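Student: What follows is structure01.cif, mmCIF, N, CA and C atoms and all ligand atoms.
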data_data
loop_
_atom_site.label_atom_id
_atom_site.label_comp_id
_atom_site.auth_asym_id
_atom_site.auth_seq_id
_atom_site.Cartn_x
_atom_site.Cartn_y
_atom_site.Cartn_z
N MET W 83 171.65 59.41 274.23
CA MET W 83 171.83 60.24 273.05
C MET W 83 171.04 59.64 271.88
N HIS W 84 170.29 60.48 271.20
CA HIS W 84 169.54 60.01 270.04
C HIS W 84 170.46 59.76 268.86
N GLN W 85 170.20 58.68 268.19
CA GLN W 85 170.96 58.41 266.96
C GLN W 85 170.00 58.58 265.79
N ILE W 86 170.17 59.66 265.09
CA ILE W 86 169.23 59.99 264.01
C ILE W 86 169.92 59.83 262.66
N HIS W 87 169.20 59.30 261.72
CA HIS W 87 169.73 59.15 260.37
C HIS W 87 169.02 60.15 259.47
N VAL W 88 169.79 60.93 258.80
CA VAL W 88 169.22 61.95 257.91
C VAL W 88 169.73 61.71 256.49
N THR W 89 168.82 61.76 255.54
CA THR W 89 169.21 61.64 254.14
C THR W 89 168.90 62.93 253.40
N ARG W 90 169.90 63.43 252.71
CA ARG W 90 169.70 64.63 251.89
C ARG W 90 169.89 64.24 250.43
N ARG W 91 169.14 64.91 249.58
CA ARG W 91 169.20 64.61 248.15
C ARG W 91 169.88 65.76 247.40
N TYR W 92 170.79 65.39 246.52
CA TYR W 92 171.50 66.38 245.70
C TYR W 92 171.38 65.94 244.24
N ARG W 93 171.63 66.88 243.35
CA ARG W 93 171.46 66.57 241.92
C ARG W 93 172.63 67.11 241.11
N PHE W 94 172.98 66.37 240.10
CA PHE W 94 173.87 66.94 239.08
C PHE W 94 173.57 66.27 237.75
N CYS W 95 173.88 66.98 236.67
CA CYS W 95 173.70 66.45 235.32
C CYS W 95 175.09 66.19 234.75
N ALA W 96 175.26 65.02 234.16
CA ALA W 96 176.58 64.71 233.62
C ALA W 96 176.46 63.76 232.44
N ALA W 97 177.48 63.79 231.60
CA ALA W 97 177.56 62.88 230.46
C ALA W 97 178.52 61.75 230.79
N HIS W 98 178.33 60.62 230.14
CA HIS W 98 179.30 59.55 230.26
C HIS W 98 179.15 58.58 229.09
N ARG W 99 180.10 57.68 229.03
CA ARG W 99 180.07 56.61 228.04
C ARG W 99 180.65 55.37 228.70
N LEU W 100 179.92 54.26 228.62
CA LEU W 100 180.44 53.02 229.18
C LEU W 100 181.39 52.39 228.16
N HIS W 101 182.64 52.34 228.55
CA HIS W 101 183.68 51.86 227.64
C HIS W 101 184.91 51.52 228.46
N THR W 102 185.59 50.43 228.08
CA THR W 102 186.86 50.13 228.72
C THR W 102 187.89 49.76 227.67
N ASP W 103 189.09 50.29 227.86
CA ASP W 103 190.17 50.00 226.91
C ASP W 103 190.68 48.57 227.05
N HIS W 104 190.22 47.87 228.09
CA HIS W 104 190.64 46.47 228.28
C HIS W 104 189.95 45.54 227.30
N LEU W 105 188.90 46.03 226.65
CA LEU W 105 188.15 45.20 225.71
C LEU W 105 188.25 45.78 224.30
N THR W 106 187.98 44.95 223.32
CA THR W 106 187.96 45.42 221.94
C THR W 106 186.69 46.26 221.73
N PRO W 107 186.68 47.08 220.66
CA PRO W 107 185.47 47.86 220.38
C PRO W 107 184.23 46.98 220.27
N LYS W 108 184.39 45.80 219.64
CA LYS W 108 183.25 44.90 219.48
C LYS W 108 182.77 44.38 220.83
N GLU W 109 183.72 43.98 221.67
CA GLU W 109 183.35 43.47 223.01
C GLU W 109 182.65 44.57 223.83
N ASN W 110 183.17 45.80 223.75
CA ASN W 110 182.54 46.91 224.45
C ASN W 110 181.09 47.07 224.02
N GLN W 111 180.89 46.94 222.71
CA GLN W 111 179.54 47.13 222.18
C GLN W 111 178.59 46.04 222.67
N VAL W 112 179.12 44.79 222.71
CA VAL W 112 178.30 43.66 223.15
C VAL W 112 177.92 43.83 224.63
N ILE W 113 178.89 44.22 225.44
CA ILE W 113 178.66 44.30 226.89
C ILE W 113 177.83 45.52 227.27
N PHE W 114 178.15 46.67 226.70
CA PHE W 114 177.51 47.90 227.15
C PHE W 114 176.38 48.38 226.26
N GLY W 115 176.20 47.76 225.09
CA GLY W 115 175.08 48.12 224.23
C GLY W 115 175.11 49.58 223.82
N LYS W 116 173.93 50.23 223.86
CA LYS W 116 173.86 51.62 223.40
C LYS W 116 174.58 52.58 224.36
N CYS W 117 174.87 52.12 225.59
CA CYS W 117 175.64 52.96 226.52
C CYS W 117 177.09 53.10 226.07
N ASN W 118 177.49 52.32 225.04
CA ASN W 118 178.85 52.41 224.48
C ASN W 118 178.88 53.36 223.28
N ASN W 119 177.75 53.92 222.92
CA ASN W 119 177.67 54.90 221.83
C ASN W 119 178.83 55.91 221.93
N PRO W 120 179.62 56.05 220.86
CA PRO W 120 180.83 56.90 220.94
C PRO W 120 180.54 58.34 221.36
N ASN W 121 179.37 58.84 221.07
CA ASN W 121 179.07 60.24 221.42
C ASN W 121 178.63 60.41 222.87
N GLY W 122 178.52 59.32 223.60
CA GLY W 122 178.12 59.43 225.00
C GLY W 122 176.65 59.78 225.14
N HIS W 123 176.23 59.94 226.37
CA HIS W 123 174.84 60.32 226.66
C HIS W 123 174.82 60.90 228.07
N GLY W 124 173.71 61.50 228.43
CA GLY W 124 173.67 62.18 229.73
C GLY W 124 172.65 61.58 230.68
N HIS W 125 172.84 61.88 231.96
CA HIS W 125 171.87 61.51 232.99
C HIS W 125 171.65 62.69 233.92
N ASN W 126 170.45 62.77 234.47
CA ASN W 126 170.20 63.66 235.59
C ASN W 126 170.36 62.81 236.84
N TYR W 127 171.55 62.85 237.41
CA TYR W 127 171.84 62.01 238.57
C TYR W 127 171.26 62.62 239.84
N ALA W 128 170.76 61.77 240.70
CA ALA W 128 170.41 62.21 242.05
C ALA W 128 171.30 61.43 243.02
N VAL W 129 171.82 62.13 244.01
CA VAL W 129 172.70 61.51 244.99
C VAL W 129 172.04 61.63 246.36
N LEU W 130 171.84 60.49 247.00
CA LEU W 130 171.23 60.47 248.33
C LEU W 130 172.33 60.19 249.35
N VAL W 131 172.54 61.13 250.23
CA VAL W 131 173.60 60.99 251.23
C VAL W 131 172.97 60.84 252.60
N THR W 132 173.24 59.70 253.23
CA THR W 132 172.69 59.44 254.57
C THR W 132 173.80 59.56 255.61
N VAL W 133 173.54 60.39 256.61
CA VAL W 133 174.51 60.55 257.70
C VAL W 133 173.80 60.29 259.03
N ARG W 134 174.57 59.96 260.03
CA ARG W 134 174.01 59.83 261.37
C ARG W 134 174.52 60.99 262.21
N HIS W 135 173.66 61.46 263.07
CA HIS W 135 174.11 62.48 264.01
C HIS W 135 173.24 62.42 265.26
N ASP W 136 173.64 63.17 266.26
CA ASP W 136 173.01 63.01 267.58
C ASP W 136 171.75 63.86 267.76
N GLY W 137 171.33 64.57 266.73
CA GLY W 137 170.10 65.33 266.83
C GLY W 137 170.29 66.76 267.30
N SER W 138 171.49 67.10 267.76
CA SER W 138 171.73 68.47 268.18
C SER W 138 172.14 69.32 266.99
N ASP W 139 171.76 70.57 267.01
CA ASP W 139 172.13 71.52 265.95
C ASP W 139 171.87 70.94 264.57
N GLU W 140 170.65 70.46 264.35
CA GLU W 140 170.34 69.83 263.08
C GLU W 140 170.55 70.79 261.90
N ALA W 141 170.07 72.02 262.06
CA ALA W 141 170.20 72.97 260.94
C ALA W 141 171.66 73.21 260.61
N GLY W 142 172.48 73.35 261.64
CA GLY W 142 173.90 73.61 261.42
C GLY W 142 174.60 72.45 260.78
N SER W 143 174.31 71.23 261.24
CA SER W 143 175.02 70.08 260.69
C SER W 143 174.56 69.78 259.27
N LEU W 144 173.29 70.04 258.96
CA LEU W 144 172.83 69.83 257.59
C LEU W 144 173.41 70.89 256.66
N ALA W 145 173.57 72.09 257.15
CA ALA W 145 174.19 73.14 256.33
C ALA W 145 175.64 72.77 256.02
N ARG W 146 176.33 72.21 257.01
CA ARG W 146 177.72 71.78 256.76
C ARG W 146 177.75 70.63 255.77
N LEU W 147 176.82 69.69 255.92
CA LEU W 147 176.74 68.57 254.98
C LEU W 147 176.50 69.09 253.56
N ASP W 148 175.54 69.99 253.42
CA ASP W 148 175.24 70.55 252.10
C ASP W 148 176.49 71.19 251.49
N HIS W 149 177.20 71.93 252.32
CA HIS W 149 178.39 72.61 251.83
C HIS W 149 179.42 71.60 251.33
N ILE W 150 179.66 70.57 252.12
CA ILE W 150 180.67 69.56 251.75
C ILE W 150 180.26 68.81 250.49
N VAL W 151 179.00 68.39 250.41
CA VAL W 151 178.57 67.63 249.23
C VAL W 151 178.60 68.52 247.98
N ASN W 152 178.17 69.75 248.13
CA ASN W 152 178.18 70.64 246.97
C ASN W 152 179.60 70.91 246.48
N GLU W 153 180.52 71.14 247.42
CA GLU W 153 181.91 71.42 247.04
C GLU W 153 182.61 70.19 246.49
N THR W 154 182.31 69.02 247.07
CA THR W 154 183.07 67.81 246.78
C THR W 154 182.50 67.00 245.62
N VAL W 155 181.18 67.02 245.49
CA VAL W 155 180.53 66.14 244.52
C VAL W 155 179.84 66.94 243.40
N VAL W 156 178.91 67.81 243.80
CA VAL W 156 178.09 68.48 242.79
C VAL W 156 178.95 69.37 241.89
N ARG W 157 179.79 70.19 242.51
CA ARG W 157 180.61 71.10 241.72
C ARG W 157 181.58 70.32 240.81
N ARG W 158 182.04 69.18 241.31
CA ARG W 158 183.00 68.38 240.54
C ARG W 158 182.38 67.74 239.29
N PHE W 159 181.15 67.26 239.43
CA PHE W 159 180.57 66.46 238.34
C PHE W 159 179.52 67.19 237.50
N ASP W 160 178.91 68.26 238.03
CA ASP W 160 177.78 68.86 237.32
C ASP W 160 178.21 69.43 235.97
N HIS W 161 177.48 69.03 234.93
CA HIS W 161 177.75 69.46 233.56
C HIS W 161 179.15 69.09 233.10
N GLN W 162 179.64 67.95 233.56
CA GLN W 162 180.93 67.43 233.13
C GLN W 162 180.74 66.11 232.41
N ASP W 163 181.81 65.71 231.72
CA ASP W 163 181.88 64.37 231.14
C ASP W 163 182.59 63.49 232.17
N LEU W 164 181.86 62.54 232.74
CA LEU W 164 182.46 61.72 233.80
C LEU W 164 183.70 60.97 233.30
N ASN W 165 183.70 60.61 232.03
CA ASN W 165 184.86 59.89 231.49
C ASN W 165 186.13 60.74 231.53
N GLY W 166 185.98 62.06 231.64
CA GLY W 166 187.15 62.94 231.69
C GLY W 166 187.66 63.16 233.10
N ASP W 167 186.95 62.65 234.11
CA ASP W 167 187.40 62.82 235.50
C ASP W 167 188.59 61.92 235.75
N LYS W 168 189.61 62.45 236.45
CA LYS W 168 190.85 61.66 236.63
C LYS W 168 190.59 60.35 237.35
N GLU W 169 189.60 60.30 238.21
CA GLU W 169 189.31 59.06 238.92
C GLU W 169 188.72 57.98 238.01
N PHE W 170 188.29 58.40 236.82
CA PHE W 170 187.75 57.42 235.88
C PHE W 170 188.71 57.16 234.72
N ALA W 171 189.96 57.55 234.90
CA ALA W 171 190.94 57.31 233.84
C ALA W 171 191.11 55.82 233.59
N HIS W 172 191.01 55.02 234.65
CA HIS W 172 191.21 53.58 234.51
C HIS W 172 190.02 52.77 235.02
N ARG W 173 188.89 53.44 235.21
CA ARG W 173 187.68 52.75 235.66
C ARG W 173 186.52 53.16 234.77
N THR W 174 185.63 52.25 234.51
CA THR W 174 184.45 52.55 233.71
C THR W 174 183.46 53.37 234.55
N THR W 175 182.75 54.27 233.88
CA THR W 175 181.85 55.18 234.61
C THR W 175 180.48 54.54 234.88
N THR W 176 180.51 53.34 235.45
CA THR W 176 179.27 52.67 235.82
C THR W 176 178.70 53.30 237.10
N GLY W 177 177.43 53.05 237.35
CA GLY W 177 176.83 53.52 238.59
C GLY W 177 177.52 52.93 239.81
N GLU W 178 177.95 51.67 239.70
CA GLU W 178 178.66 51.04 240.83
C GLU W 178 179.94 51.80 241.16
N ASN W 179 180.72 52.12 240.13
CA ASN W 179 181.97 52.84 240.38
C ASN W 179 181.72 54.27 240.82
N LEU W 180 180.66 54.89 240.29
CA LEU W 180 180.36 56.27 240.68
C LEU W 180 179.93 56.36 242.14
N VAL W 181 179.10 55.44 242.57
CA VAL W 181 178.63 55.52 243.96
C VAL W 181 179.79 55.27 244.93
N LYS W 182 180.71 54.37 244.56
CA LYS W 182 181.89 54.13 245.41
C LYS W 182 182.80 55.35 245.45
N LEU W 183 182.98 56.00 244.29
CA LEU W 183 183.83 57.19 244.26
C LEU W 183 183.24 58.29 245.12
N ILE W 184 181.91 58.50 245.02
CA ILE W 184 181.28 59.55 245.82
C ILE W 184 181.41 59.23 247.31
N TRP W 185 181.25 57.97 247.66
CA TRP W 185 181.48 57.55 249.06
C TRP W 185 182.90 57.94 249.50
N ASP W 186 183.89 57.57 248.69
CA ASP W 186 185.29 57.84 249.07
C ASP W 186 185.55 59.34 249.21
N LEU W 187 184.99 60.13 248.30
CA LEU W 187 185.19 61.58 248.35
C LEU W 187 184.57 62.17 249.61
N LEU W 188 183.37 61.70 249.97
CA LEU W 188 182.69 62.25 251.14
C LEU W 188 183.29 61.73 252.44
N GLU W 189 183.66 60.45 252.44
CA GLU W 189 184.26 59.85 253.64
C GLU W 189 185.52 60.61 254.05
N ALA W 190 186.25 61.11 253.05
CA ALA W 190 187.50 61.84 253.32
C ALA W 190 187.22 63.23 253.90
N LYS W 191 186.02 63.76 253.68
CA LYS W 191 185.72 65.14 254.10
C LYS W 191 184.85 65.22 255.36
N LEU W 192 184.01 64.22 255.57
CA LEU W 192 183.08 64.28 256.70
C LEU W 192 183.76 63.78 257.98
N PRO W 193 183.27 64.24 259.14
CA PRO W 193 183.80 63.72 260.40
C PRO W 193 183.71 62.19 260.43
N SER W 194 184.71 61.57 261.01
CA SER W 194 184.81 60.11 261.02
C SER W 194 183.54 59.46 261.58
N GLY W 195 183.05 58.47 260.87
CA GLY W 195 181.90 57.71 261.35
C GLY W 195 180.55 58.32 261.04
N GLN W 196 180.54 59.49 260.42
CA GLN W 196 179.24 60.16 260.19
C GLN W 196 178.52 59.63 258.95
N LEU W 197 179.31 59.29 257.92
CA LEU W 197 178.68 58.85 256.67
C LEU W 197 178.15 57.43 256.83
N GLU W 198 176.89 57.28 256.48
CA GLU W 198 176.25 55.98 256.64
C GLU W 198 176.02 55.27 255.30
N LYS W 199 175.58 56.03 254.32
CA LYS W 199 175.22 55.40 253.06
C LYS W 199 175.18 56.45 251.95
N VAL W 200 175.55 56.01 250.75
CA VAL W 200 175.41 56.88 249.58
C VAL W 200 174.59 56.13 248.53
N GLY W 201 173.62 56.80 247.96
CA GLY W 201 172.84 56.23 246.87
C GLY W 201 172.95 57.10 245.64
N VAL W 202 172.99 56.48 244.49
CA VAL W 202 173.01 57.22 243.24
C VAL W 202 171.87 56.72 242.36
N ILE W 203 170.97 57.62 242.01
CA ILE W 203 169.90 57.29 241.05
C ILE W 203 170.40 57.75 239.69
N GLU W 204 170.55 56.79 238.79
CA GLU W 204 171.09 57.10 237.46
C GLU W 204 169.97 57.29 236.44
N THR W 205 169.02 56.37 236.47
CA THR W 205 167.86 56.45 235.58
C THR W 205 166.63 56.10 236.40
N ARG W 206 165.50 56.12 235.75
CA ARG W 206 164.27 55.77 236.46
C ARG W 206 164.38 54.41 237.12
N ASP W 207 165.08 53.48 236.45
CA ASP W 207 165.12 52.10 236.93
C ASP W 207 166.43 51.67 237.56
N ASN W 208 167.44 52.54 237.54
CA ASN W 208 168.76 52.15 238.06
C ASN W 208 169.12 52.95 239.31
N TYR W 209 169.27 52.24 240.41
CA TYR W 209 169.67 52.86 241.67
C TYR W 209 170.84 52.07 242.25
N PHE W 210 171.88 52.76 242.66
CA PHE W 210 173.08 52.12 243.20
C PHE W 210 173.30 52.62 244.62
N GLU W 211 173.69 51.72 245.48
CA GLU W 211 173.82 52.07 246.89
C GLU W 211 175.12 51.49 247.43
N TYR W 212 175.78 52.25 248.28
CA TYR W 212 177.04 51.77 248.87
C TYR W 212 177.12 52.27 250.31
N ALA W 213 177.50 51.38 251.21
CA ALA W 213 177.57 51.73 252.62
C ALA W 213 178.97 51.47 253.16
N GLY W 214 179.97 51.56 252.27
CA GLY W 214 181.34 51.39 252.71
C GLY W 214 181.78 49.95 252.62
N PRO W 215 183.11 49.76 252.76
CA PRO W 215 183.64 48.40 252.67
C PRO W 215 183.07 47.51 253.78
N ALA W 216 182.89 46.24 253.47
CA ALA W 216 182.34 45.29 254.45
C ALA W 216 183.26 45.19 255.65
N GLN W 217 182.65 45.18 256.82
CA GLN W 217 183.43 45.06 258.06
C GLN W 217 183.50 43.59 258.46
N LEU W 218 184.69 43.15 258.83
CA LEU W 218 184.82 41.80 259.36
C LEU W 218 184.43 41.82 260.83
N ILE W 219 183.47 41.01 261.17
CA ILE W 219 183.04 40.98 262.57
C ILE W 219 183.63 39.73 263.23
N GLY W 220 184.19 39.93 264.40
CA GLY W 220 184.67 38.78 265.16
C GLY W 220 186.13 38.42 264.90
N GLY W 221 186.74 39.09 263.91
CA GLY W 221 188.17 38.89 263.70
C GLY W 221 188.51 37.61 263.00
N ALA W 222 189.28 36.74 263.66
CA ALA W 222 189.86 35.57 263.02
C ALA W 222 188.79 34.61 262.49
N ARG W 223 189.11 34.04 261.36
CA ARG W 223 188.22 33.03 260.77
C ARG W 223 188.99 31.73 260.61
N GLY W 224 188.27 30.61 260.70
CA GLY W 224 188.85 29.30 260.42
C GLY W 224 189.91 28.93 261.40
NI NI Q 1 174.39 55.88 231.12
#
Translate this file's structure into structure tokens.
Tutor:
Amino acid sequence: MHQIHVTRRYRFCAAHRLHTDHLTPKENQVIFGKCNNPNGHGHNYAVLVTVRHDGSDEAGSLARLDHIVNETVVRRFDHQDLNGDKEFAHRTTTGENLVKLIWDLLEAKLPSGQLEKVGVIETRDNYFEYAGPAQLIGGARG
């Protein structure tokens, strides 16, 4: 059986502000710089979703993937303020947290074992990638 990896690209536009209530306003400003601007700012995010499949019914499986990603990710975040999303009530809207959230949302919807990697392009120079929690190989240690 062929093991093929396919990556599809999706897009959404969203606003956010890097800020945490765990820090003082001054500390937030020092750590996040202009990304802490109270009025927020926007990004044209690109999401790269990599899945593995056996090569059969490629058109059908990609159509299903598109449907799931559009319903689960694009529709949820497009033209929204990420800071207003319930999943970010207690987490900062960093690229690291966003890519993990998108992974979790897709992992819950896709057939088990199909999701391989999620990438989020936030700006020209910022790319975040997540391939799921680290697996312990070999079991017991020490
Ligand atoms: Ni930003």
Student: Neighbouring residues of ligand NI 1 (chain Q) are defined here as those with any atom at most 7 Å from a ligand atom, counting only N, CA and C atoms and all ligand atoms; list them as a VMD selection string.
Tutor: chain W and resid 98 to 100 117 123 to 125
Student: If we count all atoms listed in the file and set the cut-off at 6 Å, which residues sit around Ala213 (chain W), ignoring sequence neighbours fewer than 3 positions away in its own chain? Please answer as a PDB file with N, CA and C atoms, in the frame of the given file.
Tutor:
ATOM      1  N   GLU W 198     176.890  57.280 256.480  1.00  0.00           N
ATOM      2  CA  GLU W 198     176.250  55.980 256.640  1.00  0.00           C
ATOM      3  C   GLU W 198     176.020  55.270 255.300  1.00  0.00           C
ATOM      4  N   LYS W 199     175.580  56.030 254.320  1.00  0.00           N
ATOM      5  CA  LYS W 199     175.220  55.400 253.060  1.00  0.00           C
ATOM      6  C   LYS W 199     175.180  56.450 251.950  1.00  0.00           C
ATOM      7  N   VAL W 200     175.550  56.010 250.750  1.00  0.00           N
ATOM      8  CA  VAL W 200     175.410  56.880 249.580  1.00  0.00           C
ATOM      9  C   VAL W 200     174.590  56.130 248.530  1.00  0.00           C
TER      10      VAL W 200
END
Student: List as an MDAnalysis selection string the protein and nucleic acid residues near region 104-114 of chain W, meaning an atom at most 12 Å away when only C-alpha atoms are counted, but skip any in the same chain fewer than 6 places from it.
Tutor: chainID W and resid 120 122 172:176
Student: Just give me the gap between CA of Thr205 (chain W) and atom N of Leu164 (chain W) in Å, one decimal is fine.
Tutor: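 These two atoms are separated by 15.5 Å.
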Student: Which distance in Å separates atom C of Arg206 (chain W) and atom N of Gly115 (chain W), to one decimal?
Tutor: 18.1 Å
Student: Provide the atom N of Cys95 (chain W) to CA of Val156 (chain W) distance in Å, to one decimal place.
Tutor: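 These two atoms are separated by 7.6 Å.
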Student: Kindly indicate which residue among W:Asp167, W:Ile86, W:Asp186, W:Phe210 lies nearest to Asp136 (chain W), using only C-alpha atoms for the distances.
Tutor: W:Ile86
Student: Write out as a ChimeraX atom specification all residues of region 101-197 of chain W that DSSP puts in alpha helix (DSSP H) for this structure's backbone.
Tutor: /W:107-114,140-151,157-159,177-191
Student: Could you please write out, as a list in words, every residue of region 118-187 of chain W that DSSP assigns to strand (DSSP E)?
Tutor: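 DSSP-assigned strand (DSSP E) residues in region 118-187 of chain W: His123, Gly124, His125, Asn126, Tyr127, Ala128, Val129, Leu130, Val131, Thr132, Val133, Arg134, His135, Gln162 and Asp163 of chain W.
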Student: Considering only N, CA and C atoms, return as a PDB file with N, CA and C atoms, in the frame of the given file whatever protein or nucleic-acid residues lie within 6.5 Å of Phe159 (chain W), sequence-local ones (same chain, fewer than 3 positions apart) excluded.
Tutor:
ATOM      1  N   PHE W  94     172.980  66.370 240.100  1.00  0.00           N
ATOM      2  CA  PHE W  94     173.870  66.940 239.080  1.00  0.00           C
ATOM      3  C   PHE W  94     173.570  66.270 237.750  1.00  0.00           C
ATOM      4  N   CYS W  95     173.880  66.980 236.670  1.00  0.00           N
ATOM      5  CA  CYS W  95     173.700  66.450 235.320  1.00  0.00           C
ATOM      6  C   CYS W  95     175.090  66.190 234.750  1.00  0.00           C
ATOM      7  N   ALA W  96     175.260  65.020 234.160  1.00  0.00           N
ATOM      8  CA  ALA W  96     176.580  64.710 233.620  1.00  0.00           C
ATOM      9  C   ALA W  96     176.460  63.760 232.440  1.00  0.00           C
ATOM     10  N   THR W 154     182.310  69.020 247.070  1.00  0.00           N
ATOM     11  CA  THR W 154     183.070  67.810 246.780  1.00  0.00           C
ATOM     12  C   THR W 154     182.500  67.000 245.620  1.00  0.00           C
ATOM     13  N   VAL W 155     181.180  67.020 245.490  1.00  0.00           N
ATOM     14  CA  VAL W 155     180.530  66.140 244.520  1.00  0.00           C
ATOM     15  C   VAL W 155     179.840  66.940 243.400  1.00  0.00           C
ATOM     16  N   VAL W 156     178.910  67.810 243.800  1.00  0.00           N
ATOM     17  CA  VAL W 156     178.090  68.480 242.790  1.00  0.00           C
ATOM     18  C   VAL W 156     178.950  69.370 241.890  1.00  0.00           C
ATOM     19  N   GLN W 162     179.640  67.950 233.560  1.00  0.00           N
ATOM     20  CA  GLN W 162     180.930  67.430 233.130  1.00  0.00           C
ATOM     21  C   GLN W 162     180.740  66.110 232.410  1.00  0.00           C
ATOM     22  N   ASP W 163     181.810  65.710 231.720  1.00  0.00           N
ATOM     23  CA  ASP W 163     181.880  64.370 231.140  1.00  0.00           C
ATOM     24  C   ASP W 163     182.590  63.490 232.170  1.00  0.00           C
TER      25      ASP W 163
END
Student: Given only C-alpha atoms as the basis, pick out the residue of W:Ile150, W:Ala171, W:Ala97, W:Val181 nearest to Pro193 (chain W).
Tutor: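 Checking each of W:Ile150, W:Ala171, W:Ala97, W:Val181 against Pro193 (chain W), counting only C-alpha atoms, the winner is W:Ile150.
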Student: Calculated over only C-alpha atoms, which of the candidates W:Leu183, W:Leu197, W:Ala128, W:Val151 has the smallest distance to Val88 (chain W)?
Tutor: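 For Val88 (chain W), the nearest of the given residues is W:Leu197.
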